Amino acid sequence: QVQLVESGGGLVQPGGSLRLSCAASGFSLDTYTIGWFRQAPGKEREGIGCISNLDGVTYYTDSVKGRFTISTDKAKNTAYLDMNNLKPEDTGVYYCAADSSGVPRMTDDQTWYDAWGQGTLVTVSE
């Protein structure tokens, strides 16, 4: 059974940091692209970045470039989203997703992805 489980969300002050994890089971991340999406309150889900585990290529949306980093620990079959200098506008539910093609795409189009995690809430507030 293909499954993604996210963890690491929580409440953080502006300027703070969080690390989100996306643990995969039932398949190997080695040949997949992992995308990270977020959905802010009252807004559509948006893609914020991805990593291809075929070649390590990463893409980020402009609003998170220089602050967020996506990585994968293949030994743990887990992807990560490291978030630094968090801003209130980063608040939302964060999702990871797996694309079996292995092609990295900076996109809001969720149809490329075969499996999704349940989401984890990140709140950036004083």
# chains A, B, ... in the order shown; residues from 1 in each chain; ligands from 1
>>> residues_around(residues="region 87-91 of chain A", least_positions_apart="4", cutoff="9 Å", atoms="only C-alpha atoms", output="list in words")
Gln13, Pro14, Gly15, Gly16, Arg38, Gln39, Ala40, Pro41, Val64, Leu121, Val122, Thr123, Val124, Ser125 and Glu126 of chain A
>>> write_last_selection(atoms="C-alpha atoms", output="PDB file, in the first residue's frame")
ATOM      1  CA  GLN A  13       6.801  32.692  15.538  1.00  0.00           C
ATOM      2  CA  PRO A  14       7.684  34.825  12.518  1.00  0.00           C
ATOM      3  CA  GLY A  15      11.348  34.391  11.681  1.00  0.00           C
ATOM      4  CA  GLY A  16      11.370  30.889  13.110  1.00  0.00           C
ATOM      5  CA  ARG A  38       0.367  24.215   0.769  1.00  0.00           C
ATOM      6  CA  GLN A  39      -3.155  25.464   1.200  1.00  0.00           C
ATOM      7  CA  ALA A  40      -3.623  28.715   3.043  1.00  0.00           C
ATOM      8  CA  PRO A  41      -6.965  29.452   4.700  1.00  0.00           C
ATOM      9  CA  VAL A  64       9.902  30.550  -0.754  1.00  0.00           C
ATOM     10  CA  LEU A 121      -0.752  22.374   9.704  1.00  0.00           C
ATOM     11  CA  VAL A 122       1.842  25.128   9.963  1.00  0.00           C
ATOM     12  CA  THR A 123       0.833  28.301  11.778  1.00  0.00           C
ATOM     13  CA  VAL A 124       3.166  31.288  11.788  1.00  0.00           C
ATOM     14  CA  SER A 125       2.036  33.784  14.378  1.00  0.00           C
ATOM     15  CA  GLU A 126       3.219  35.785  17.385  1.00  0.00           C
TER      16      GLU A 126
END
>>> residues_around(residues="Phe68 (chain A)", least_positions_apart="6", cutoff="8 Å", atoms="only C-alpha atoms", output="short mmCIF file (atom, residue, chain, number, x, y, z; two decimals) with C-alpha atoms, in the first residue's frame")
data_model
loop_
_atom_site.label_atom_id
_atom_site.label_comp_id
_atom_site.auth_asym_id
_atom_site.auth_seq_id
_atom_site.Cartn_x
_atom_site.Cartn_y
_atom_site.Cartn_z
CA LEU A 81 10.91 20.45 3.76
CA ASP A 82 13.14 22.74 5.80
CA MET A 83 11.52 26.12 6.30
CA ASN A 84 13.46 29.11 7.62
#
>>> closest_residue(among="A:Leu4, A:Gly56, A:Arg105, A:Arg67", to="Thr120 (chain A)", atoms="only C-alpha atoms")
A:Leu4
>>> atom_distance(atom1="CA of Gly92 (chain A)", atom2="CA of Ile51 (chain A)")
20.6 Å
>>> closest_residue(among="A:Ser7, A:Ser52, A:Gln1, A:Gly47", to="Thr111 (chain A)", atoms="only C-alpha atoms")
A:Gly47
>>> closest_residue(among="A:Thr69, A:Gln118, A:Gln3, A:Ser100", to="Ile34 (chain A)", atoms="only C-alpha atoms")
A:Ser100
>>> closest_residue(among="A:Asn53, A:Ser25, A:Thr61, A:Asn85", to="Asp108 (chain A)", atoms="only C-alpha atoms")
A:Thr61
>>> atom_distance(atom1="CA of Cys96 (chain A)", atom2="CA of Gly117 (chain A)")
5.5 Å
>>> closest_residue(among="A:Gly42, A:Gly10, A:Gly102, A:Gly49", to="Asp30 (chain A)", atoms="only C-alpha atoms")
A:Gly102
>>> closest_residue(among="A:Leu86, A:Ala24, A:Cys50, A:Val12", to="Trp116 (chain A)", atoms="only C-alpha atoms")
A:Ala24
>>> residues_around(residues="Ala79 (chain A)", least_positions_apart="4", cutoff="9 Å", atoms="only C-alpha atoms", output="PyMOL selection string")
chain A and resi 20-24+29+34+51+70-74+96
>>> residues_around(residues="Ser101 (chain A)", least_positions_apart="6", cutoff="9 Å", atoms="only C-alpha atoms", output="ChimeraX atom specification")
/A:31-33,112-113
>>> select_by_dssp(residues="chain A", states="helix (DSSP H, G or I)", output="CSV table (one decimal) with N, CA and C atoms, in the first residue's frame")
chain,number,residue,atom,x,y,z
A,29,LEU,N,11.2,5.9,-2.7
A,29,LEU,CA,11.2,7.2,-3.2
A,29,LEU,C,12.3,7.4,-4.3
A,30,ASP,N,13.2,6.5,-4.4
A,30,ASP,CA,14.4,6.6,-5.2
A,30,ASP,C,14.1,7.2,-6.6
A,31,THR,N,13.0,6.8,-7.2
A,31,THR,CA,12.8,7.2,-8.6
A,31,THR,C,11.6,8.2,-8.8
A,62,ASP,N,8.7,31.3,-6.2
A,62,ASP,CA,9.4,32.5,-5.9
A,62,ASP,C,9.3,32.9,-4.4
A,63,SER,N,8.1,32.7,-3.9
A,63,SER,CA,7.8,33.2,-2.5
A,63,SER,C,8.6,32.5,-1.4
A,64,VAL,N,9.2,31.3,-1.8
A,64,VAL,CA,9.9,30.6,-0.8
A,64,VAL,C,11.4,30.4,-1.1
A,88,PRO,N,4.1,35.1,8.4
A,88,PRO,CA,2.7,34.8,8.6
A,88,PRO,C,2.0,34.2,7.4
A,89,GLU,N,2.4,34.7,6.2
A,89,GLU,CA,1.8,34.3,5.0
A,89,GLU,C,2.2,32.8,4.6
A,90,ASP,N,3.1,32.2,5.3
A,90,ASP,CA,3.4,30.8,5.1
A,90,ASP,C,2.4,29.9,5.8
A,110,GLN,N,-2.1,19.4,-9.5
A,110,GLN,CA,-2.0,18.3,-8.6
A,110,GLN,C,-2.2,17.0,-9.3
A,111,THR,N,-2.6,17.0,-10.6
A,111,THR,CA,-2.9,15.8,-11.3
A,111,THR,C,-1.7,15.0,-11.7
A,112,TRP,N,-0.5,15.6,-11.6
A,112,TRP,CA,0.7,14.9,-11.9
A,112,TRP,C,1.1,13.9,-10.9
>>> atom_distance(atom1="CA of Ala98 (chain A)", atom2="CA of Tyr59 (chain A)")
14.7 Å
>>> select_by_dssp(residues="chain A", states="strand (DSSP E or B)", output="PDB file with C-alpha atoms, in the first residue's frame")
ATOM      1  CA  GLN A   3       1.369   5.783   1.699  1.00  0.00           C
ATOM      2  CA  LEU A   4       2.855   9.159   2.582  1.00  0.00           C
ATOM      3  CA  VAL A   5       2.748  10.438   6.142  1.00  0.00           C
ATOM      4  CA  GLU A   6       3.696  14.006   6.979  1.00  0.00           C
ATOM      5  CA  SER A   7       4.810  15.278  10.348  1.00  0.00           C
ATOM      6  CA  GLY A  10       3.044  23.315  14.476  1.00  0.00           C
ATOM      7  CA  LEU A  11       2.965  26.868  15.731  1.00  0.00           C
ATOM      8  CA  VAL A  12       6.046  29.007  15.162  1.00  0.00           C
ATOM      9  CA  LEU A  18      10.373  24.189  11.062  1.00  0.00           C
ATOM     10  CA  ARG A  19      11.230  20.923   9.402  1.00  0.00           C
ATOM     11  CA  LEU A  20       8.445  18.906   7.839  1.00  0.00           C
ATOM     12  CA  SER A  21       8.934  15.218   7.122  1.00  0.00           C
ATOM     13  CA  CYS A  22       7.225  13.072   4.505  1.00  0.00           C
ATOM     14  CA  ALA A  23       7.727   9.377   5.219  1.00  0.00           C
ATOM     15  CA  ALA A  24       6.959   7.003   2.381  1.00  0.00           C
ATOM     16  CA  SER A  25       5.885   3.383   2.716  1.00  0.00           C
ATOM     17  CA  THR A  33       9.521  13.264  -7.663  1.00  0.00           C
ATOM     18  CA  ILE A  34       8.292  14.583  -4.335  1.00  0.00           C
ATOM     19  CA  GLY A  35       6.296  17.752  -4.450  1.00  0.00           C
ATOM     20  CA  TRP A  36       5.312  19.991  -1.569  1.00  0.00           C
ATOM     21  CA  PHE A  37       2.069  21.936  -1.685  1.00  0.00           C
ATOM     22  CA  ARG A  38       0.367  24.215   0.769  1.00  0.00           C
ATOM     23  CA  GLN A  39      -3.155  25.464   1.200  1.00  0.00           C
ATOM     24  CA  ARG A  45      -3.684  24.631  -2.916  1.00  0.00           C
ATOM     25  CA  GLU A  46      -0.443  25.807  -4.459  1.00  0.00           C
ATOM     26  CA  GLY A  47       2.783  24.063  -5.337  1.00  0.00           C
ATOM     27  CA  ILE A  48       5.767  25.431  -3.459  1.00  0.00           C
ATOM     28  CA  GLY A  49       8.542  23.127  -4.593  1.00  0.00           C
ATOM     29  CA  CYS A  50       9.668  19.704  -5.646  1.00  0.00           C
ATOM     30  CA  ILE A  51      12.667  17.402  -5.854  1.00  0.00           C
ATOM     31  CA  SER A  52      13.382  14.722  -8.391  1.00  0.00           C
ATOM     32  CA  THR A  58      14.826  20.963  -7.136  1.00  0.00           C
ATOM     33  CA  TYR A  59      12.439  23.763  -8.005  1.00  0.00           C
ATOM     34  CA  TYR A  60      10.837  26.362  -5.734  1.00  0.00           C
ATOM     35  CA  PHE A  68      12.796  26.712   2.046  1.00  0.00           C
ATOM     36  CA  THR A  69      14.867  23.649   1.135  1.00  0.00           C
ATOM     37  CA  ILE A  70      13.610  20.278  -0.059  1.00  0.00           C
ATOM     38  CA  SER A  71      15.737  17.180   0.420  1.00  0.00           C
ATOM     39  CA  THR A  72      15.451  13.405   0.561  1.00  0.00           C
ATOM     40  CA  ASP A  73      17.074  10.794   2.774  1.00  0.00           C
ATOM     41  CA  THR A  78      11.743  10.171   3.710  1.00  0.00           C
ATOM     42  CA  ALA A  79      11.598  13.607   2.146  1.00  0.00           C
ATOM     43  CA  TYR A  80      11.954  16.847   4.061  1.00  0.00           C
ATOM     44  CA  LEU A  81      10.908  20.451   3.764  1.00  0.00           C
ATOM     45  CA  ASP A  82      13.137  22.744   5.798  1.00  0.00           C
ATOM     46  CA  MET A  83      11.519  26.116   6.304  1.00  0.00           C
ATOM     47  CA  GLY A  92      -1.404  26.758   5.895  1.00  0.00           C
ATOM     48  CA  VAL A  93      -1.746  23.031   5.584  1.00  0.00           C
ATOM     49  CA  TYR A  94       1.305  21.510   3.939  1.00  0.00           C
ATOM     50  CA  TYR A  95       1.078  18.378   1.824  1.00  0.00           C
ATOM     51  CA  CYS A  96       3.676  16.175   0.235  1.00  0.00           C
ATOM     52  CA  ALA A  97       2.916  14.193  -2.903  1.00  0.00           C
ATOM     53  CA  ALA A  98       4.697  11.595  -5.022  1.00  0.00           C
ATOM     54  CA  ASP A  99       4.993  11.556  -8.806  1.00  0.00           C
ATOM     55  CA  ALA A 115      -0.107   9.719  -3.969  1.00  0.00           C
ATOM     56  CA  TRP A 116      -0.682  12.322  -1.267  1.00  0.00           C
ATOM     57  CA  THR A 120       0.202  18.943   8.400  1.00  0.00           C
ATOM     58  CA  LEU A 121      -0.752  22.374   9.704  1.00  0.00           C
ATOM     59  CA  VAL A 122       1.842  25.128   9.963  1.00  0.00           C
ATOM     60  CA  THR A 123       0.833  28.301  11.778  1.00  0.00           C
ATOM     61  CA  VAL A 124       3.166  31.288  11.788  1.00  0.00           C
TER      62      VAL A 124
END
